[in-house]
Every structure is written in structure tokens, then in C-alpha cells.
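The structure appears right after this line, and notes come after that.
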Amino acid sequence: MPRHRPRPRRRPSGSLPVYRGPFRRAHAERLLWRAGFGPRRGQAERFADLGLEGAVHALTHPRSRRLEGPAPKVEGRGLAPRDVWGHDVLWWLDRMVRTQAPLVERMTLVWHDWFATSKATVDARWMLRQNALLRRYALGNFRTIVREITKDPAMLTWLDGVANNRWAPNENYARELQELFTLGAGRGYGEGDVREMARALTGWRADWRDGVGMTNFRFDPKFHDGGRTRIYGRRGRHDWRDAADLAVGHRLHPTFFVTKLWSYFIPTPPPPGTRRALERLYRRSGHDVRPVVAAILRHPALHTGPRMVKPPVVYTAGLLRALGKGIDTDAWAWLADMSGQTLFQPPNVAGWDDTRWIDTATWRGRWMTANYALEGRTLTPDPEKTKYPSMREQSPAEAVDAAHRFWGRPTLTRATRAELLGFAQRARAVAKEPWEQQTYAILRQNALRMLIATSPDMHTS
Amino acid sequence: MAHHCRDYARAAQLRAAAGAGLPIVEPGMPAPAGTGLSRRSFLLRSAGLALSVYGAGRLSPLAADEALAQSAPGAPVIVQVFLAGGIDSVSFLAPTEDPTYRRLRPKLALPPGTGTAFGEDPRLRWHPSAAALAGLHAEGNVSVMPAVGYEHPDQSHFVSRHFYEVGALDPRLGTGWLGRYLDRVGAPDNPLQGLSLDASLAPALASARVPVAAVDSPTSYDFWARDVWGEVDELMLEATARIGVVHARGDRAMAQVAGAAMHTGALRAQLAPLRATDDKPAFTSPVAYPSSEDSDFPERLAALAAMLAAGLPLRCVAITAPGDYDTHANQVELLGEPLKLTCDALAAFQRDLEARGLADRVLVHVWSEFGRRAEENAEGTDHGAAGLGLLIGTRAAGRMIGEFPGLDTLDEQGNLRATSDFRGIYAGLLEQWLGTEATGIVPDAGRVARPQLVK
């Protein structure tokens with residue numbers, strides 16, 4: 001831009017919009033779903049009492065990261081996430097259910113999607129180590145995260161960092177570092193930068209040992225290409241640290257970062273002014289994540305904008321939190337697969353497609369998920385065992401209220417409530433015989449619990 | 001208008017077939033509140049629901065057949081098979097005698113004389129894992145695209161794959177090329193017309209107007225709920241779909257969920273003939289498929305043939321082949337086994353269709369997002385440009401589409417140059433196979449050449 005032109009007037013840096021409307025239970029509920037895994041019983045009320053500022057502070061500065069409640073047991077035994085099929089999924093799901101720091105856990109999930117690494121080719125122990133890394137820096141510094149992930153054993157395996165050496169550069173990590181992790185496809189780099197970046201990243205090695213797998217990850221200067229590389233026009237003897245720092249320091253990185261981070265919390269893109277303000281906040285903080293997340297959580301677009309489909313694992317953890325239920329079956333592992341989100345196994349390095357969570361296959365997975373959440377929590381229709389003599393007298397409206405209370409009174413749209421009531425009325429109308437009136441009232445209550453759990457209201461926030 | 005009348009008649013027919021006095025269509029039942037739907041359109045939409053609730057046991061087979069026949073009468077079927085990750089086309093058909101190949105691939109080059117010769121180009125030999133397709137090719141039922149691509153090839157998996165899925169070099173296009181075809185010819189109440197035989201929907205099938213479906217296990221697509229049964233169970237499933245109907249318009253996220261909830265009902269009924277009962281499979285295949293502990297791909301193809309034989313109204317099917325072909329390292333191990341399973345299963349599928357007399361209705365299109373770099377990186381190959389495509393079927397022209405460009409005319413990045421354009425393939429498939437104008441579906445249809453794809 002020519003110098004003599006007047007510079008566009010910028011809003012002052014502190015001008016990030018903040019939601020100023022009433023902060024009621026429904027607002028607290030949405031915040032808890034977007035920034036965590038939904039409310040536990042009574043939690044939405046408590047968060048509403050804190051007000052928006054207090055609620056965001058509680059999320060971004062958790063007092064405890066410890067897990068609440070008893071440790072999970074499956075078939076009478078504790079979990080073995082490194083060894084038993086599906087237990088890695090259960091192990092993390094349990095953290096989501098029992099955490100007292102939901103935003104930390106949710107950000108760990110965000111980074112898992114952002115730096116998507118899969119057990120398809122990586123040993124469980126390295127996947128779990130990467131998971132600990134992502135949790136440690138959940139609200140930390142993004143430059144540090146990128147440096148750490150660049151030398152993380154799971155990532156070095158997944159994107160062939162250990163196959164990248166001075167004699168045969170492997171472009172896999174160099175490409176995705178720029179395309180998926182820091183800049184976005186084709187934004188501010190070219191194929192030449194991919195090749196040069198690959199050379200800069202050379203030098204990591206590991207050994208394969210039978211029965212152990214990949215082990216002894218290390219940087220070996222003899223494997224590193226010590227020659228000059230030219231990345232974004234800068235020449236130098238770059239190494240892996242420089243590669244990570246160059247990508248994060250790229251002038252187009254902040255836009256990519258704040259837009260992508262925003263997309264995990266709010267389904268509509270940030271308004272340009274907000275985006276620029278978030279970029280400034282991010283740059284001035286030296287690439288810290290926490291203030292950017294806090295600003296997004298306070299933004300009016302989160303509290304007044306359209307709804308968002310919950311990721312399957314968030315939906316699952318949320319049902320369990322609402323019921324105060326722990327992990328007691330390994331069914332969650334295959335249910336996650338059916339619902340389209342197996343932790344530690346994203347579909348590819350780009351992570352999950354957040355715009356298409358629901359189709360006729362994954363909807364069925366979610367139906368089954370609700371079904372398993374209700375295991376042990378349904379009323380028994382066996383007339384011999386039944387102990388609910390009053391159910392027969394329950395009006396359709398009372399039946400809907402009872403099912404609603406069962407789930408901790410989640411906010412439901414009027415249209416859904418009307419359909420629930422219609423169903424309750426029809427289910428009563430088909431009961432003719434006296435035994436049917438009693439039994440159908442019980443079946444109806446079980447069905448209402450399913451209908452609430454699987455309603456579009458509950459799949460979105 | 002005629003088309004609406006026909007829809008209405010079908011809805012009425014289905015209701016009648018489903019039995020009298022059903023709650024979903026009871027006279028006097030109020031239209032769902034707040035939807036803006038007229039009672040009539042609600043009834044039309046409910047046709048699938050009536051089927052879903054009462055379909056499996058009660059609908060007479062005759063009525064079901066008539067309804068299905070009207071949805072896609074003898075329509076040509078396209079099956080898209082995706083090789084994820086960008087398969088190495090130079091391994092699939094390898095120029096084993098070429099000294100340049102031996103120089104660029106000192107570790108990975110297939111030894112001279114490997115596999116069978118490719119009859120259309122004496123320079124090339126089939127990878128041993130592709131032997132089954134070599135056999136079909138010898139019968140004239142496979143067309144090979146040895147170097148399919150587009151100008152300024154993008155070496156990102158996700159960008160290039162997106163181009164292939166939407167049928168254009170447009171990063172913002174949100175519907176798939178087959179989705180737009182279905183929007184033109186499909187029915188408002190037939191999710192099976194666009195079917196992903198995978199755990200989630202293939203983006204190529206993403207439509208704007210008509211329903212499409214994803215089903216990972218077509219023989220067990222049903223719903224149950226703990227301690228709910230009988231009439232209450234039926235009413236519950238009906239209510240599920242009704243809740244979908246009332247949210248089908250409005251908030252986008254709600255509508256996405258609502259759409260799936262609505263269409264699961266129709267789908268459940270459509271797939272009833274495939275459902276196994278009393279531990280007996282609902283169908284037996286006339287040919288043997290390969291089996292694998294790692295992949296359901298052969299089973300899914302077998303079920304697909306059975307679905308077509310049962311007259312289910314399929315038009316476009318998408319399925320992901322076993323394997324991850326992003327072979328930056330360990331290429332030999334990663335490529336060989338899954339490719340063999342893929343090719344063996346596709347050949348079995350072809351024989352199955354032939355045995356069932358369906359072969360002339362189905363064309364299989366195999367694709368991948370790009371090929372791989374001509375020069376190896378010692379352990380594997382990095383992302384390349386032009387890649388592999390195949391058309392399989394008795395109606396496939398059986399002739400190579402674009403020649404093998406050779407390894408001495410690589411582009412400035414060391415990648416193969418395209419000798420055919422995927423948009424020309426799509427335009428040709430639409431016009432020569434699916435019988436509709438490509439204009440309006442493939443944005444660049446006006447400026448790409450169509451090779452002869454069909455015989």
C-alpha cells in the first residue's frame with residue numbers, strides 16, 4: 001500500500017466484543033457444552049450464578065485438575081489403556097466425564113484434532129505420551145506446543161519424521177506442519193518451502209525393537225542436513241526448532257490460528273474486526289492460547305449465535321455426566337466408532353470433519369450410545385418385579401416432566417417438547433387392558449428418556 | 001405438478017399398504033406445530049416414516065417392490081471406490097524395464113518381468129496384487145487411466161481430494177458432484193439413491209436437495225431401545241422421525257441432526273430385505289469373495305450386489321477400499337496386501353454382478369486423490385501429481401484413457417504429467433453412463449474433453 005494513503009483506522013486493541021446480555025441457566029449450559037462436556041447435575045445453575053466473567057474465569061483457571069469420583073472398572077478390573085483393546089478410548093472418556101477442569105480436557109481434544117495423530121501406525125504408549133503433552137499445554141503457548149509436537153515420538157512416527165534424513169528427505173511432516181498445523185493450504189508457502197522445510201527437519205531417528213516397537217527416539221546430528229536451506233525467503237542453516245519457529249512466526253500464521261481455534265467453539269466465522277483483534281491479542285501475548293480462548297468464550301457470537309453439533313465424544317461424555325455415571329463397560333469403544341469419533345484414531349492427519357458429524361450411519365451410532373447410557377437406568381417393565389404402582393396414574397405431561405428431570409432438565413425447544421407430549425399421549429391411548437396401562441406407562445417412560453437423549457436439541461448446543 | 005401427484009399417489013399407496021389406523025397418518029391428526037409444513041407435505045414426508053415404523057413385517061412385498069421400482073426404475077448405477085492417501089500409480093502399472101524407473105526407484109522398483117504384461121502398452125506390467133483386475137482387463141472390462149489429474153496439481157491430500165469430490169477446482173464448493181447429479185434426478189424420499197457403504201457419508205455424495213445415506217453394515221441397520229417394546233416401541237420410532245420433521249428447517253445444526261433422524265426411518269424400511277433373521281443371512285452370494293480380518297470391504301460389496309439384486313433403488317454408491325496408500329515410508333508392506341484384497345474383492349463383485357445378470361447396470365469407478373512422486377525417498381514415495389483411475393464393468397469401454405506419460409517427461413517438481421482430466425471423466429460418466437447433461441453438475445463441463453468411456 002502506498003505510504004501517503006491514510007491508514008485505515010483501527011479499533012483499539014481492547015475492543016473485543018463481550019456478551020452483555022443476561023447469563024441464565026441456558027447460557028451456562030451452552031458454555032459448558034462448548035467449552036467442556038456439558039453440565040453435571042446442578043452445574044449449569046452454579047455457573048449461571050457466577051455470571052459470564054466468573055464462568056469463563058472458572059473454565060480458564062481451573063482450581064483443580066484432579067478427577068472426581070471413583071476410578072472406572074470394566075468387568076471388575078481397572079483400565080489398561082496401553083494393553084487392552086479399546087481401553088485407551090475408555091481411559092480418556094473417563095477423564096472427560098470426571099474432570100474438574102473441563103476446558104483443559106476439551107482443549108486437549110482440540111489439539112488431538114489439530115495435530116491429528118492415529119494409533120493406526122503409532123504404538124499406544126506413544127499415543128498416550130502425546131496425549132499427556134497436549135494436556136500439559138492445553139491452555140499454554142502455541143509456539144511451545146509446535147516445538148514439542150515436532151519432536152514428539154508419536155508425531156515422529158505418524159508423519160515419518162524418523163524416516164526423514166539428509167540422504168532421503170521425507171516431506172510428510174514439513175507439508176502438514178504448514179498446511180494443517182500453522183498456515184493453511186497454500187497460504188504463504190510453496191512447494192519449494194515444503195522441500196526446504198523437510199531438509200531442515202531432518203535428523204530424528206528411532207530404533208525398531210521386536211516386541212517393543214519404535215523406541216529410542218533421538219536427534220542425531222549425523223542424520224541432519226546441516227546445509228543451508230531457504231524457507232520463506234530466509235536463508236540459513238535451519239534445524240527442527242527453526243522450522244517450528246518459522247512456521248509459527250510466519251505473518252499469516254495468526255489468522256490461521258485464531259480462525260481455526262474459533263471454529264471449535266463457534267460455527268460461524270469470526271467477524272473481520274474480531275478476527276483482527278484476536279490476532280493482535282495472540283501476537284502480543286507471545287502466542288499464548290489461554291487469553292484467545294477466553295476472548296472467544298466471552299464473545300456474543302457464542303452466546304447468541306446458531307447452534308453447533310456436539311462432537312460424538314462430547315455427546316457421550318455429556319450423557320454420562322448428566323447421569324452421574326462412570327465408565328463400567330467397554331461398549332463405549334465400539335460405540336465411539338459407530339458414532340464417527342474414535343479417540344486416538346482420527347480418520348487422517350486433518351482430523352475429524354466437524355461440518356459433517358451426523359449422517360444416517362453416525363446417527364445410529366449416537367442412538368446406540370444413548371441406549372448404553374441408559375443401561376441400568378431404565379425402569380423394568382416386568383410386572384412381577386415392577387415397583388411403580390403410581391406410573392399408571394401419570395399424565396402424559398407428568399411423564400414428559402419426569403423424563404426431563406431424569407436428564408437434569410436440559411433446555412429443550414418448544415417444538416421438541418410438543419412432540420414428546422404427543423408421543424406420551426399416543427402411548428397412553430394404545431394401552432387398553434389394565435396390565436397394558438401399567439406396563440405401557442413404564443415403557444413410555446423409558447422411551448421418553450431415549451427420545452430426549454436423541455433429540456436434535458441434545459445433539460447440539 | 002404431475003410429479004407431485006405421483007408422489008402423492010405413492011404416499012397414499014404406502015399408507016394403505018402399511019395398514020389402517022396408523023397414528024402417523026390418522027385422519028385429523030394435526031400437522032406438526034411450528035414447521036410451516038402443510039398437512040399434505042407432511043404426509044408426503046411421512047411416507048417414509050410409515051414405512052419405517054411398519055415396514056419390516058407388515059408391508060406386503062408387492063407394495064414395497066412397486067414403491068421401489070418407481071424410485072429408480074432400472075437406473076444405471078455408479079460405484080465409486082476410493083483408494084485413500086494417493087496410490088502409487090507407477091507401482092500399480094510399473095514400467096519395469098525402463099532404466100529411468102530403475103534409477104528413480106533403486107529400492108522400490110519392481111523387478112523386470114514382475115506380474116503380467118499390460119496388453120495396451122508394452123512398457124507396463126501389472127503389480128502382482130492387481131492380478132485379478134489384469135484378468136478382467138484381458139476380457140475387455142477394465143479401462144485404465146494411467147495418469148489422471150488436472151492442471152496445477154495440488155499436492156495436499158485434502159485439497160486434491162476435495163477437488164475430486166466436488167468435481168471442480170473450487171475449494172469452496174460444498175456439494176459433491178454425485179450429490180448434484182442426485183439433486184437433479186433423485187427422489188425426495190429415497191435416501192438409498194446415494195449410499196456410502198462406510199461409517200460416514202462420502203463428500204462426493206453430499207447433496208443440497210435430496211436425502212442420501214451412509215450405512216456401514218447394510219445387513220443390520222435397525223434400532224432398538226432398552227426396555228421398550230411392542231406398540232410403544234413403534235410409537236417411539238415414529239416420534240423420533242416426527243421430531244426430525246419439526247426441526248428439518250431452521251437452525252442448521254438442528255436440521256443436520258433432524259435430517260438424519262427423518263431419513264433413518266425410510267432407510268430402515270428400505271434395508272429390511274437385507275436384514276438377517278434368526279441368525280440366517282438374508283442373502284447368499286453366487287460367488288466367493290475374499291475374506292480378511294482387517295476389512296469389511298468384501299462383505300460390503302457382496303451386500304451391495306445383493307441390494308441391487310433385491311431391486312433396491314440405488315443410483316450412486318461410494319465405498320472406501322481397504323488400505324492407506326499414503327506410502328511415505330514402508331511402501332512395499334503398506335501397498336501390497338490391501339491392494340490385493342481390493343482388487344480381488346472388486347473382481348469377485350464383478351463376477352457376482354455377472355452371475356446375477358446385473359453386470360450391464362453397474363459401472364465401478366476407482367479413484368485416488370493423486371499419484372506419487374516418481375523418485376522414491378528410499379523407504380517410500382512423497383506426494384505426486386497425476387495418478388491412477390479405473391473403470392470396471394461389462395459396459396466399460398475397456399480401452400486406456402490417456403496414455404502412460406513415461407518417466408522422462410516429468411513436471412518441474414518431478415511428478416507425472418496428467419494425460420486425462422478427472423472433470424472430463426465425470427462429464428463422460430454423466431453423459432454416457434448416467435444419461436444426463438454434465439453442464440450444471442460439472443462446472444467446467446464446457447471446456448473439458450470427454451473420452452469414450454462406455455461401450
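In the C-alpha cells, the first chain shown is A, the next is B, and so on; residue numbers restart at 1 for each chain, and ligands run from 1 in the order shown.
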Distance cut-off 8 Å, counting only C-alpha atoms - which residues of chain A neighbour chain B? Return them as a ChimeraX atom specification.
/A:160,163,168-172,175,179,185,306-309,338,340,350,358-364,367-368,371,374-375,378-381,415-416,418-420,423,426-427,430,440,443-444,446-448,450-451,454-457,459-460
If we count only C-alpha atoms and set the cut-off at 8 Å, which residues sit around region 126-135 of chain B, ignoring sequence neighbours fewer than 6 positions away in its own chain? Please answer as a ChimeraX atom specification.
/B:91-94,114-118,142,336-337,339-341,343-344,346-347
Take the residues that were just selected and, keeping C-alpha atoms, output them as a PDB file, in the first residue's frame.
```pdb
ATOM      1  CA  SER B  91       3.636 -49.364  -8.840  1.00  0.00           C
ATOM      2  CA  PHE B  92       0.154 -50.335  -9.991  1.00  0.00           C
ATOM      3  CA  LEU B  93       1.265 -50.396 -13.625  1.00  0.00           C
ATOM      4  CA  ALA B  94       5.038 -50.437 -13.495  1.00  0.00           C
ATOM      5  CA  THR B 114       7.081 -59.000 -12.399  1.00  0.00           C
ATOM      6  CA  GLY B 115       3.358 -59.567 -12.806  1.00  0.00           C
ATOM      7  CA  THR B 116       1.595 -59.868 -16.125  1.00  0.00           C
ATOM      8  CA  ALA B 117       2.123 -57.650 -19.128  1.00  0.00           C
ATOM      9  CA  PHE B 118      -0.319 -54.823 -19.784  1.00  0.00           C
ATOM     10  CA  VAL B 142     -11.396 -52.545 -17.442  1.00  0.00           C
ATOM     11  CA  GLY B 336       0.812 -54.962  -1.422  1.00  0.00           C
ATOM     12  CA  GLU B 337      -1.707 -56.660   0.828  1.00  0.00           C
ATOM     13  CA  LEU B 339      -4.243 -53.648  -2.878  1.00  0.00           C
ATOM     14  CA  LYS B 340      -4.605 -57.377  -3.418  1.00  0.00           C
ATOM     15  CA  LEU B 341      -7.655 -57.512  -1.170  1.00  0.00           C
ATOM     16  CA  CYS B 343      -8.573 -55.982  -6.481  1.00  0.00           C
ATOM     17  CA  ASP B 344      -9.682 -59.497  -5.549  1.00  0.00           C
ATOM     18  CA  LEU B 346     -13.625 -55.934  -6.968  1.00  0.00           C
ATOM     19  CA  ALA B 347     -13.154 -58.882  -9.314  1.00  0.00           C
TER      20      ALA B 347
END
```
Do a neighbour search on Val317 (chain B) at 9 Å with only C-alpha atoms, toss out local chain neighbours closer than 3 positions, and write the hits as a VMD selection string.
chain B and resid 77 to 81 192 to 197 205 304 314
Can you list, as a VMD selection string, every protein, DNA or RNA residue that comes within 9 Å of Gly167 (chain B) when you count only C-alpha atoms, leaving out same-chain residues fewer than 4 positions away?
chain B and resid 162 to 163 176 to 178 204 422 to 423 426 441 to 444
